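Undergrad: Next comes final-v1.txt, compact mmCIF, C-alpha atoms and all ligand atoms:
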# COMPACT_ATOMS: atom_id res chain seq x y z
CA MET A 1 63.50 101.40 107.03
CA THR A 2 61.54 99.86 109.88
CA ALA A 3 58.10 101.30 110.64
CA HIS A 4 57.94 101.26 114.40
CA PRO A 5 60.97 99.88 116.17
CA THR A 6 61.16 98.38 119.61
CA SER A 7 64.09 99.77 121.54
CA ASP A 8 65.58 99.32 124.98
CA TYR A 9 65.92 103.10 125.45
CA SER A 10 64.86 106.34 123.75
CA ILE A 11 66.71 109.63 123.77
CA ASP A 12 66.31 112.74 121.63
CA THR A 13 69.88 113.26 120.39
CA VAL A 14 72.84 110.88 120.34
CA ILE A 15 76.38 112.02 119.65
CA VAL A 16 78.90 109.34 118.70
CA GLY A 17 82.34 110.31 120.01
CA ALA A 18 83.47 111.88 123.29
CA GLY A 19 86.41 113.73 121.83
CA VAL A 20 86.68 117.45 122.36
CA VAL A 21 84.38 118.15 119.38
CA GLY A 22 81.65 115.65 120.34
CA VAL A 23 81.69 116.88 123.93
CA ALA A 24 81.58 120.55 122.84
CA ILE A 25 78.58 119.76 120.62
CA ALA A 26 76.94 117.98 123.57
CA ARG A 27 77.50 121.04 125.75
CA GLU A 28 76.03 123.39 123.16
CA LEU A 29 72.95 121.21 122.58
CA ALA A 30 72.43 120.62 126.29
CA LEU A 31 72.59 124.41 126.80
CA SER A 32 69.87 124.64 124.11
CA GLY A 33 67.72 122.32 126.22
CA LEU A 34 68.06 119.13 124.15
CA ASP A 35 68.15 115.72 125.76
CA VAL A 36 71.63 114.48 124.75
CA LEU A 37 73.55 111.23 125.16
CA VAL A 38 77.20 110.90 124.15
CA LEU A 39 78.53 107.43 123.35
CA ASP A 40 82.19 106.52 123.28
CA GLN A 41 83.82 103.17 122.73
CA GLU A 42 86.63 103.99 125.17
CA LYS A 43 86.44 103.97 128.97
CA SER A 44 87.00 107.73 129.23
CA PRO A 45 86.78 110.81 126.97
CA GLY A 46 89.43 112.08 124.58
CA GLN A 47 91.49 108.92 124.14
CA HIS A 48 92.21 109.60 120.46
CA GLN A 49 92.97 112.87 118.65
CA SER A 50 91.78 115.14 121.43
CA THR A 51 94.61 114.36 123.86
CA ARG A 52 97.14 113.14 121.28
CA ASN A 53 97.76 116.49 119.67
CA SER A 54 100.15 119.44 119.91
CA GLY A 55 97.98 121.23 122.45
CA VAL A 56 98.14 124.47 120.49
CA ILE A 57 95.47 127.16 120.32
CA HIS A 58 95.93 128.17 116.69
CA ALA A 59 95.60 131.77 115.52
CA GLY A 60 93.98 130.65 112.24
CA PHE A 61 96.21 131.76 109.38
CA TYR A 62 97.05 128.52 107.57
CA TYR A 63 93.73 128.03 105.82
CA PRO A 64 92.18 129.47 102.64
CA ALA A 65 90.25 132.62 103.57
CA ASN A 66 86.82 131.27 102.63
CA SER A 67 87.24 127.84 104.27
CA LEU A 68 85.28 126.55 107.25
CA LYS A 69 88.59 126.07 109.08
CA ALA A 70 89.51 129.75 108.66
CA GLU A 71 86.02 131.00 109.50
CA LEU A 72 85.69 128.92 112.68
CA CYS A 73 89.30 129.31 113.83
CA HIS A 74 89.11 133.09 113.90
CA GLU A 75 86.13 133.11 116.28
CA GLY A 76 86.90 129.72 117.88
CA LYS A 77 90.27 130.84 119.20
CA GLN A 78 88.76 133.84 120.97
CA GLU A 79 85.90 131.76 122.38
CA LEU A 80 88.33 129.13 123.62
CA TYR A 81 90.50 131.71 125.41
CA ARG A 82 87.39 133.19 127.05
CA PHE A 83 86.12 129.73 128.08
CA ALA A 84 89.53 128.74 129.47
CA GLU A 85 89.81 131.96 131.47
CA GLU A 86 86.30 131.73 132.92
CA ARG A 87 86.51 127.99 133.74
CA HIS A 88 90.14 128.06 134.94
CA VAL A 89 91.37 125.64 132.27
CA PRO A 90 95.18 125.89 132.33
CA HIS A 91 96.44 127.67 129.20
CA ARG A 92 99.13 130.16 128.20
CA ARG A 93 99.16 132.73 125.40
CA LEU A 94 102.84 132.09 124.59
CA GLY A 95 102.95 133.40 121.02
CA LYS A 96 104.54 131.69 118.06
CA ILE A 97 107.22 132.39 115.50
CA VAL A 98 107.05 130.94 111.99
CA VAL A 99 110.65 131.02 110.83
CA ALA A 100 112.12 131.27 107.32
CA THR A 101 115.47 129.50 107.38
CA GLU A 102 116.61 130.44 103.85
CA GLU A 103 116.44 133.73 101.92
CA GLY A 104 114.26 132.06 99.29
CA GLN A 105 111.52 131.46 101.88
CA SER A 106 110.87 135.13 102.67
CA ALA A 107 108.29 135.43 99.87
CA LYS A 108 106.37 132.49 101.38
CA LEU A 109 106.40 134.21 104.75
CA GLU A 110 105.03 137.39 103.18
CA ALA A 111 102.31 135.35 101.44
CA MET A 112 101.44 133.79 104.79
CA HIS A 113 101.24 137.26 106.34
CA ALA A 114 98.87 138.40 103.56
CA ARG A 115 96.73 135.29 104.04
CA ALA A 116 96.57 135.90 107.80
CA LEU A 117 95.27 139.42 107.20
CA ALA A 118 92.73 138.08 104.66
CA CYS A 119 91.54 135.61 107.32
CA GLY A 120 91.04 138.47 109.79
CA VAL A 121 94.09 137.54 111.90
CA GLU A 122 95.36 141.09 112.21
CA ASP A 123 97.85 140.78 115.04
CA VAL A 124 100.57 138.97 113.03
CA THR A 125 103.71 140.89 112.08
CA LEU A 126 106.77 140.16 109.97
CA MET A 127 110.12 139.97 111.81
CA SER A 128 113.66 140.70 110.64
CA SER A 129 116.51 138.33 111.48
CA ASP A 130 117.63 140.83 114.19
CA ALA A 131 114.17 140.79 115.75
CA LEU A 132 114.23 136.99 115.69
CA ARG A 133 117.56 136.91 117.47
CA ARG A 134 116.38 139.42 120.10
CA MET A 135 113.32 137.32 120.88
CA GLU A 136 114.98 133.88 120.65
CA PRO A 137 118.81 134.11 120.67
CA GLU A 138 119.31 130.40 119.78
CA LEU A 139 116.97 130.51 116.79
CA GLY A 140 118.53 130.21 113.33
CA GLY A 141 116.56 132.03 110.64
CA VAL A 142 116.55 134.88 108.16
CA ALA A 143 113.06 136.23 108.83
CA GLY A 144 109.97 135.38 110.81
CA LEU A 145 106.27 135.88 111.33
CA TRP A 146 105.17 136.66 114.87
CA SER A 147 101.75 135.50 116.06
CA PRO A 148 101.06 136.81 119.59
CA SER A 149 97.64 135.14 119.90
CA THR A 150 98.84 131.55 119.47
CA GLY A 151 98.90 129.65 122.75
CA VAL A 152 98.78 126.28 124.46
CA ILE A 153 96.08 124.61 126.53
CA ASP A 154 95.73 121.56 128.75
CA ALA A 155 93.61 119.36 126.45
CA MET A 156 92.43 116.97 129.18
CA ALA A 157 91.40 119.84 131.47
CA LEU A 158 89.51 121.39 128.56
CA LEU A 159 87.64 118.14 127.97
CA ASP A 160 86.84 117.84 131.67
CA ALA A 161 85.44 121.38 131.79
CA LEU A 162 83.31 120.83 128.67
CA GLN A 163 82.02 117.51 129.95
CA ALA A 164 81.19 118.94 133.38
CA GLU A 165 79.23 121.81 131.85
CA ALA A 166 77.39 119.51 129.43
CA GLY A 167 76.56 117.24 132.38
CA ASP A 168 75.35 120.19 134.49
CA HIS A 169 72.85 120.92 131.72
CA GLY A 170 71.59 117.36 131.54
CA ALA A 171 73.80 115.65 128.95
CA THR A 172 74.67 112.05 129.79
CA PHE A 173 77.73 110.05 128.79
CA SER A 174 78.08 106.36 128.18
CA PHE A 175 81.64 105.04 127.93
CA ALA A 176 82.82 101.61 126.77
CA SER A 177 79.83 101.84 124.42
CA ARG A 178 80.60 101.23 120.78
CA LEU A 179 78.12 102.02 118.01
CA VAL A 180 77.99 98.98 115.74
CA GLY A 181 74.86 99.46 113.64
CA VAL A 182 72.23 102.03 112.69
CA ASP A 183 68.83 101.48 111.06
CA LYS A 184 66.59 104.25 109.80
CA HIS A 185 62.95 104.20 110.84
CA SER A 186 60.04 106.55 110.38
CA ASN A 187 60.72 108.59 113.54
CA GLY A 188 64.52 108.67 113.49
CA TRP A 189 67.23 106.12 114.12
CA MET A 190 67.62 102.78 115.89
CA LEU A 191 71.18 102.36 117.14
CA ARG A 192 72.87 99.12 118.13
CA VAL A 193 75.44 99.75 120.81
CA GLU A 194 77.85 97.12 122.03
CA SER A 195 78.86 97.34 125.66
CA GLY A 196 80.40 94.66 127.87
CA GLY A 197 79.74 91.97 125.25
CA SER A 198 76.02 92.64 124.86
CA ILE A 199 74.02 94.76 122.42
CA THR A 200 71.64 97.50 123.54
CA ARG A 201 69.11 99.05 121.14
CA LEU A 202 68.65 102.77 121.40
CA ASN A 203 66.11 104.95 119.66
CA CYS A 204 66.89 108.59 118.78
CA ARG A 205 65.53 111.43 116.65
CA VAL A 206 68.89 113.09 115.85
CA LEU A 207 72.18 111.27 115.33
CA ILE A 208 75.47 113.17 115.23
CA ASN A 209 78.50 111.27 114.01
CA SER A 210 81.51 112.96 115.64
CA ALA A 211 83.73 109.87 115.73
CA GLY A 212 86.96 111.55 114.59
CA ILE A 213 89.18 109.27 112.50
CA GLU A 214 86.47 106.63 112.69
CA ALA A 215 83.63 108.85 111.46
CA PRO A 216 83.75 107.27 107.97
CA LYS A 217 83.54 103.83 109.59
CA VAL A 218 80.52 104.92 111.65
CA ALA A 219 78.88 106.22 108.43
CA GLN A 220 79.39 102.73 106.96
CA HIS A 221 77.30 101.33 109.84
CA ILE A 222 74.31 103.49 108.86
CA ASP A 223 72.17 101.28 106.63
CA ALA A 224 70.34 104.06 104.77
CA TYR A 225 73.40 106.28 104.25
CA PRO A 226 74.51 106.45 100.61
CA GLN A 227 77.78 104.54 100.89
CA GLU A 228 79.33 106.33 97.92
CA ARG A 229 79.40 109.46 100.12
CA VAL A 230 81.62 107.81 102.76
CA PRO A 231 84.97 109.59 102.39
CA ALA A 232 88.19 107.61 101.99
CA THR A 233 90.19 107.38 105.19
CA TYR A 234 93.91 108.03 105.36
CA LEU A 235 95.59 107.40 108.69
CA ALA A 236 98.47 109.84 109.09
CA ARG A 237 100.22 109.21 112.39
CA GLY A 238 102.13 112.12 113.85
CA ASN A 239 104.95 111.27 116.25
CA PHE A 240 106.24 113.55 119.01
CA PHE A 241 109.67 113.57 120.67
CA THR A 242 110.90 115.37 123.75
CA CYS A 243 114.43 116.65 124.11
CA ARG A 244 116.85 115.55 126.83
CA GLY A 245 118.06 118.72 128.54
CA GLY A 246 115.12 120.79 127.20
CA ALA A 247 115.20 123.49 124.53
CA PRO A 248 116.22 127.15 124.97
CA PHE A 249 112.99 128.70 123.66
CA SER A 250 110.10 130.50 125.30
CA HIS A 251 107.78 130.72 122.28
CA LEU A 252 106.39 128.12 119.91
CA ILE A 253 108.61 127.74 116.85
CA TYR A 254 107.27 126.52 113.50
CA PRO A 255 109.03 126.13 110.18
CA LEU A 256 107.20 127.15 107.01
CA PRO A 257 104.61 124.49 106.25
CA GLY A 258 105.73 121.88 103.75
CA PRO A 259 103.61 120.09 101.15
CA ILE A 260 102.35 117.80 103.95
CA GLY A 261 101.36 119.17 107.33
CA LEU A 262 102.69 122.15 109.25
CA GLY A 263 106.21 120.71 109.50
CA VAL A 264 107.97 119.38 112.60
CA HIS A 265 107.67 122.24 115.08
CA LEU A 266 108.48 123.00 118.67
CA THR A 267 105.69 123.46 121.16
CA LEU A 268 105.91 123.97 124.89
CA ASP A 269 103.62 122.48 127.45
CA LEU A 270 102.24 124.47 130.37
CA ASP A 271 105.37 123.74 132.43
CA GLY A 272 107.61 124.99 129.63
CA GLN A 273 108.76 121.48 128.58
CA ALA A 274 109.61 121.34 124.87
CA LYS A 275 108.27 118.72 122.48
CA PHE A 276 108.86 118.35 118.75
CA GLY A 277 106.46 117.00 116.15
CA PRO A 278 104.31 115.84 114.61
CA ASP A 279 105.83 114.20 111.54
CA VAL A 280 103.69 112.32 109.00
CA GLU A 281 103.79 108.51 109.00
CA MET A 282 101.12 106.74 106.96
CA VAL A 283 99.75 103.71 108.83
CA GLU A 284 97.20 101.00 108.04
CA HIS A 285 95.68 100.61 111.50
CA ILE A 286 95.17 102.72 114.58
CA SER A 287 98.23 102.20 116.77
CA TYR A 288 100.11 104.76 118.79
CA ASP A 289 103.55 103.17 119.11
CA VAL A 290 106.36 105.65 118.52
CA LYS A 291 109.31 104.02 116.79
CA PRO A 292 112.54 105.49 118.20
CA GLU A 293 114.09 105.40 114.71
CA ARG A 294 111.57 108.04 113.54
CA ALA A 295 113.82 110.52 115.40
CA GLU A 296 116.31 110.31 112.51
CA GLY A 297 113.98 112.36 110.31
CA PHE A 298 113.60 114.98 113.05
CA TYR A 299 117.23 116.06 113.51
CA ASP A 300 117.64 117.77 110.11
CA SER A 301 114.21 119.42 110.28
CA ILE A 302 114.83 120.83 113.76
CA ARG A 303 118.43 121.89 113.10
CA ALA A 304 117.21 124.04 110.20
CA PHE A 305 115.83 126.40 112.90
CA TRP A 306 117.80 125.23 115.97
CA PRO A 307 121.39 124.48 114.92
CA GLY A 308 122.28 123.74 118.56
CA LEU A 309 120.21 120.54 118.81
CA LYS A 310 122.52 117.80 120.15
CA GLN A 311 122.73 114.38 118.51
CA ASP A 312 120.94 111.58 120.42
CA SER A 313 118.99 114.05 122.55
CA LEU A 314 115.49 113.23 121.22
CA MET A 315 113.33 110.76 123.12
CA PRO A 316 110.04 109.19 121.93
CA ALA A 317 107.03 110.81 123.62
CA TYR A 318 103.63 109.97 122.10
CA SER A 319 101.73 110.00 118.83
CA GLY A 320 98.32 110.91 117.43
CA ILE A 321 96.51 110.05 114.22
CA ARG A 322 94.96 112.77 112.12
CA ALA A 323 91.42 112.57 110.75
CA LYS A 324 92.32 112.89 107.08
CA THR A 325 89.73 112.34 104.38
CA GLY A 326 92.10 113.19 101.53
CA LYS A 327 95.64 112.13 100.77
CA PRO A 328 98.12 114.06 102.94
CA GLY A 329 99.09 117.13 100.95
CA ASP A 330 95.73 117.45 99.19
CA PRO A 331 93.98 120.62 100.32
CA GLN A 332 90.94 119.69 102.37
CA ASP A 333 88.40 121.44 104.49
CA TRP A 334 86.22 120.01 107.22
CA VAL A 335 83.01 118.39 106.00
CA ILE A 336 79.92 118.84 108.15
CA GLU A 337 77.16 117.03 106.33
CA THR A 338 73.57 117.91 107.19
CA PRO A 339 70.31 116.36 105.94
CA SER A 340 70.13 118.83 103.03
CA ALA A 341 73.40 117.30 101.74
CA HIS A 342 72.65 113.58 102.09
CA GLY A 343 68.84 113.55 102.22
CA LEU A 344 68.47 111.68 105.52
CA GLY A 345 66.54 113.63 108.17
CA GLY A 346 68.13 113.84 111.61
CA LEU A 347 71.69 112.86 110.65
CA ILE A 348 74.83 115.00 110.86
CA ASN A 349 78.26 113.64 109.93
CA LEU A 350 81.50 115.40 110.80
CA PHE A 351 84.30 114.21 108.54
CA GLY A 352 87.98 115.15 108.52
CA ILE A 353 87.96 117.26 111.69
CA GLU A 354 91.73 117.56 111.88
CA THR A 355 93.77 120.57 113.05
CA PRO A 356 92.61 123.12 114.24
CA GLY A 357 89.67 121.09 115.55
CA MET A 358 90.57 121.46 119.22
CA THR A 359 90.98 125.25 118.89
CA CYS A 360 87.57 125.39 117.22
CA CYS A 361 85.67 122.94 119.42
CA LEU A 362 83.32 125.58 120.85
CA ALA A 363 82.80 127.18 117.45
CA LEU A 364 82.13 123.74 115.95
CA GLY A 365 79.58 123.06 118.69
CA ARG A 366 77.78 126.30 117.88
CA TYR A 367 78.04 125.66 114.13
CA VAL A 368 76.39 122.24 114.47
CA ALA A 369 73.62 123.69 116.68
CA GLU A 370 72.98 126.41 114.07
CA ARG A 371 72.75 123.79 111.29
CA LEU A 372 70.26 121.82 113.41
CA ARG A 373 68.17 124.95 113.86
CA GLN A 374 68.30 125.76 110.14
CA GLU A 375 67.12 122.26 109.33
CA ASP A 376 64.36 122.47 111.96
CA LEU A 377 66.01 119.73 114.01
CA ILE A 378 66.07 121.87 117.14
CA PRO A 379 62.44 122.65 117.98
CA LEU A 380 61.67 126.39 118.10
CA HIS A 381 60.96 126.51 121.85
CA HIS A 382 64.56 125.41 122.61
C1 LIG A 401 99.02 114.80 115.83
C2 LIG A 401 97.91 115.80 115.97
C3 LIG A 401 98.18 117.12 116.32
C4 LIG A 401 97.14 118.06 116.44
N1 LIG A 401 97.41 119.31 116.92
C5 LIG A 401 96.41 120.17 117.13
C6 LIG A 401 96.64 121.45 117.73
O1 LIG A 401 97.75 121.75 118.15
N2 LIG A 401 95.60 122.30 117.86
C7 LIG A 401 94.34 122.00 117.44
O2 LIG A 401 93.45 122.84 117.54
N3 LIG A 401 94.08 120.78 116.91
C8 LIG A 401 95.07 119.87 116.78
N4 LIG A 401 94.81 118.64 116.27
C9 LIG A 401 93.45 118.32 115.84
C10 LIG A 401 92.54 118.04 117.01
O3 LIG A 401 93.18 117.20 117.96
C11 LIG A 401 91.27 117.38 116.47
O4 LIG A 401 90.72 118.19 115.44
C12 LIG A 401 90.22 117.17 117.54
O5 LIG A 401 90.77 116.55 118.67
C13 LIG A 401 89.10 116.33 116.97
O6 LIG A 401 88.24 115.97 118.02
P1 LIG A 401 87.12 114.91 117.75
O7 LIG A 401 86.24 114.94 118.93
O8 LIG A 401 86.50 115.18 116.40
O9 LIG A 401 87.89 113.52 117.55
P2 LIG A 401 88.50 112.49 118.60
O10 LIG A 401 89.16 113.16 119.72
O11 LIG A 401 89.35 111.54 117.80
O12 LIG A 401 87.23 111.74 119.18
C14 LIG A 401 86.48 110.80 118.45
C15 LIG A 401 85.89 109.83 119.44
O13 LIG A 401 85.01 108.93 118.76
C16 LIG A 401 85.07 107.69 119.42
N5 LIG A 401 84.54 106.65 118.53
C17 LIG A 401 85.00 106.30 117.30
N6 LIG A 401 84.25 105.30 116.79
C18 LIG A 401 83.26 105.04 117.69
C19 LIG A 401 82.17 104.12 117.72
N7 LIG A 401 81.90 103.28 116.72
N8 LIG A 401 81.36 104.09 118.83
C20 LIG A 401 81.60 104.93 119.87
N9 LIG A 401 82.65 105.83 119.88
C21 LIG A 401 83.45 105.89 118.81
C22 LIG A 401 86.54 107.53 119.73
O14 LIG A 401 86.77 106.60 120.78
C23 LIG A 401 86.95 108.95 120.10
O15 LIG A 401 86.95 109.18 121.49
C24 LIG A 401 95.80 117.66 116.16
C25 LIG A 401 95.53 116.33 115.82
C26 LIG A 401 96.55 115.40 115.76
C27 LIG A 401 96.22 113.97 115.48
Using structure tokens, write down the structure from this file.
Ligand SMILES: Cc1cc2nc3c(=O)[nH]c(=O)nc-3n(C[C@H](O)[C@H](O)[C@H](O)COP(=O)(O)OP(=O)(O)OC[C@H]3O[C@@H](n4cnc5c(N)ncnc54)[C@H](O)[C@@H]3O)c2cc1C
TA:
Amino acid sequence: MTAHPTSDYSIDTVIVGAGVVGVAIARELALSGLDVLVLDQEKSPGQHQSTRNSGVIHAGFYYPANSLKAELCHEGKQELYRFAEERHVPHRRLGKIVVATEEGQSAKLEAMHARALACGVEDVTLMSSDALRRMEPELGGVAGLWSPSTGVIDAMALLDALQAEAGDHGATFSFASRLVGVDKHSNGWMLRVESGGSITRLNCRVLINSAGIEAPKVAQHIDAYPQERVPATYLARGNFFTCRGGAPFSHLIYPLPGPIGLGVHLTLDLDGQAKFGPDVEMVEHISYDVKPERAEGFYDSIRAFWPGLKQDSLMPAYSGIRAKTGKPGDPQDWVIETPSAHGLGGLINLFGIETPGMTCCLALGRYVAERLRQEDLIPLHH
């Protein structure tokens, strides 16, 4: 720890990461009157998970009832719909069907229904095969679960709206600015930020690590942070394919979740274009290439609920990499580490903010602000 550092700049609160979560936190803190700077290594916001996802506003019924994901998704979904309506962010409440394709899966569907109710998602209903057919004539399945409050949103427009509002309340953004080192000192943190080949030193009182899949790496840069707490990182790429000729569905269609992930599902964008994905491909490095041969694994999965899918109709679209801190398949909740957990005043780490992080961005922003208040990191007059 250095006693009294010399810095190039001083700012009260720095957020590392201009994904949808970092920007939503910035908005919330700026609304609370804090002086906030958001750093991102890329030239513009949302270049990683936040625009490389399925674009779905989740209803919140996949997660254990007492988990942070369940708690924040229930309220986060409603807040996000309200925000999108008020700020004219394109979105559509399309509704989603989770489909059981074999008789043996009906019990799982019923368990999912019970879990949804336990999570406070009360608008879901079970569907018979006749009801499925009436709603989606081309859908193959023996039973379904209908979720009317699932929807889709334009992720980039959401980010723009959040950034604009944060900026209107005084938050500043610095792009092409990569955090490369952090030293603790008596009044807070001294950050080393690389930009255009040179290093700038920046002094702050509160540091929020919202760096998505790279949050563990950012934690490694923090000299005083107990390195044994840095979670393992697993990079699980999810590939998406579009379908030549489109798909004959007007709702989102999901299979029952498998041991890993939610299963290859069909989502629709705001123009009604269908896309399928994401699968799970473990990778060593961050790279977003979609290998055309990954389509092979998609045909069987999709035909289980859409027998009419034509061979050779899938085309590579894009991919995203999930922020996993456990092996895919291991149950994991989001980790939001505050000073009372790691003992370092003025530091918050967000680890493993995978799905439904976009749905919950506003709720996550509020949650982080509440933690800061509880730990006396937001002064009382704010
Ligand atoms: C394939 C896939 C599908 C998904 N589908 C959905 C969905 O349908 N609905 C939903 O709600 N959620 C979905 N999610 C999850 C959702 O996208 C994420 O939870 C959310 O985007 C996380 O936002 P974030 O801001 O934490 O991370 P990110 O968007 O990844 O942002 C982190 C930022 O940190 C920056 N950064 C990293 N290291 C540094 C550094 N050293 N210095 C400066 N900047 C740095 C990066 O450049 C990046 O911009 C999906 C995710 C994936 C990958």
Undergrad: Distance limit 7 Å, reference ligand LIG 401 (chain A), atoms considered: all atoms listed in the file. Which residues make the cut? Give them as an NGL selection string.
TA: :A and (16-22 or 39-42 or 45-58 or 177-180 or 210-215 or 218 or 237-239 or 278 or 319-323 or 353-360)
Undergrad: Hey, which of A:Ser287, A:Ser250, A:Ser106, A:Ser174 ends up closest to Leu139 of chain A? Count all atoms listed in the file.
TA: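 The answer is A:Ser250, which sits nearest to Leu139 of chain A.
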Undergrad: At most 12 Å is the cut-off: for each residue in segment 65-132 of chain A with any atom that close to an atom of segment 264-272 of chain A, write down the nearest atom pair and the distance in Å rounded to one decimal, counting all atoms listed in the file, chain first then increasing number, as a tab-separated table.
TA:
residue	atom	partner	partner_atom	distance
A:Val89	CA	A:Leu270	CA	11.1
A:Pro90	CA	A:Leu270	CA	7.5
A:His91	CA	A:Leu270	CA	6.7
A:Arg92	CA	A:Leu270	CA	6.8
A:Arg93	CA	A:Leu270	CA	10.1
A:Leu94	CA	A:Leu268	CA	8.7
A:Gly95	CA	A:Thr267	CA	10.3
A:Lys96	CA	A:Thr267	CA	8.9
A:Ile97	CA	A:Leu266	CA	10.0
A:Val98	CA	A:His265	CA	9.3
A:Val99	CA	A:His265	CA	10.2
Undergrad: Would you mind exporting C-alpha atoms of the selected residues as a compact mmCIF listing (two decimals), in the coordinates of the input?
TA:
# COMPACT_ATOMS: atom_id res chain seq x y z
CA VAL A 89 91.37 125.64 132.27
CA PRO A 90 95.18 125.89 132.33
CA HIS A 91 96.44 127.67 129.20
CA ARG A 92 99.13 130.16 128.20
CA ARG A 93 99.16 132.73 125.40
CA LEU A 94 102.84 132.09 124.59
CA GLY A 95 102.95 133.40 121.02
CA LYS A 96 104.54 131.69 118.06
CA ILE A 97 107.22 132.39 115.50
CA VAL A 98 107.05 130.94 111.99
CA VAL A 99 110.65 131.02 110.83
Undergrad: Between atom CA of Val121 of chain A and atom CA of Tyr63 of chain A, what is the distance, to one decimal in Å?
TA: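 The value is 11.3 Å.
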Undergrad: Please measure the separation of atom CA of Lys184 of chain A and atom CA of Pro216 of chain A, giving the value in Å to one decimal.
TA: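 That distance, rounded to one decimal, is 17.5 Å.
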Undergrad: Using all atoms listed in the file, find the one residue out of A:Ala161, A:Leu202, A:Leu362, A:Ile25 that sits nearest to Glu86 of chain A.
TA: A:Ala161
Undergrad: What's around Tyr318 of chain A at 8 Å? Count all atoms listed in the file, leave out sequence neighbours fewer than 5 positions away in its own chain, and write the answer as number ranges by chain.
TA: A: 52, 239-241, 288-290
Undergrad: Please list as a list in words every residue within 10 Å of Leu31 of chain A, counting all atoms listed in the file and excluding residues in the same chain fewer than 2 positions away.
TA: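 These residues fall inside the cut-off: Ile25, Ala26, Arg27, Glu28, Leu29, Gly33, Leu34, Asp35, Glu165, Ala166, Gly167, Asp168, His169, Gly170, Ala171 and His382 of chain A.
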Undergrad: Nearest to Ser147 of chain A among A:Val230, A:Ala116, A:Val368, A:Leu68, with distances taken over only C-alpha atoms: which residue is it?
TA: A:Ala116
Undergrad: Which is closer to Ala363 of chain A than all the others in A:Ala118, A:Ile286, A:Leu159, A:Leu80, using all atoms listed in the file?
TA: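 With all atoms listed in the file as the atom set, the closest residue is A:Leu80.
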Undergrad: Measure the distance from atom CA of Ser313 of chain A to atom CA of Gly245 of chain A in Å and round it to one decimal.
TA: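 Computing it gives 7.7 Å between the two atoms.
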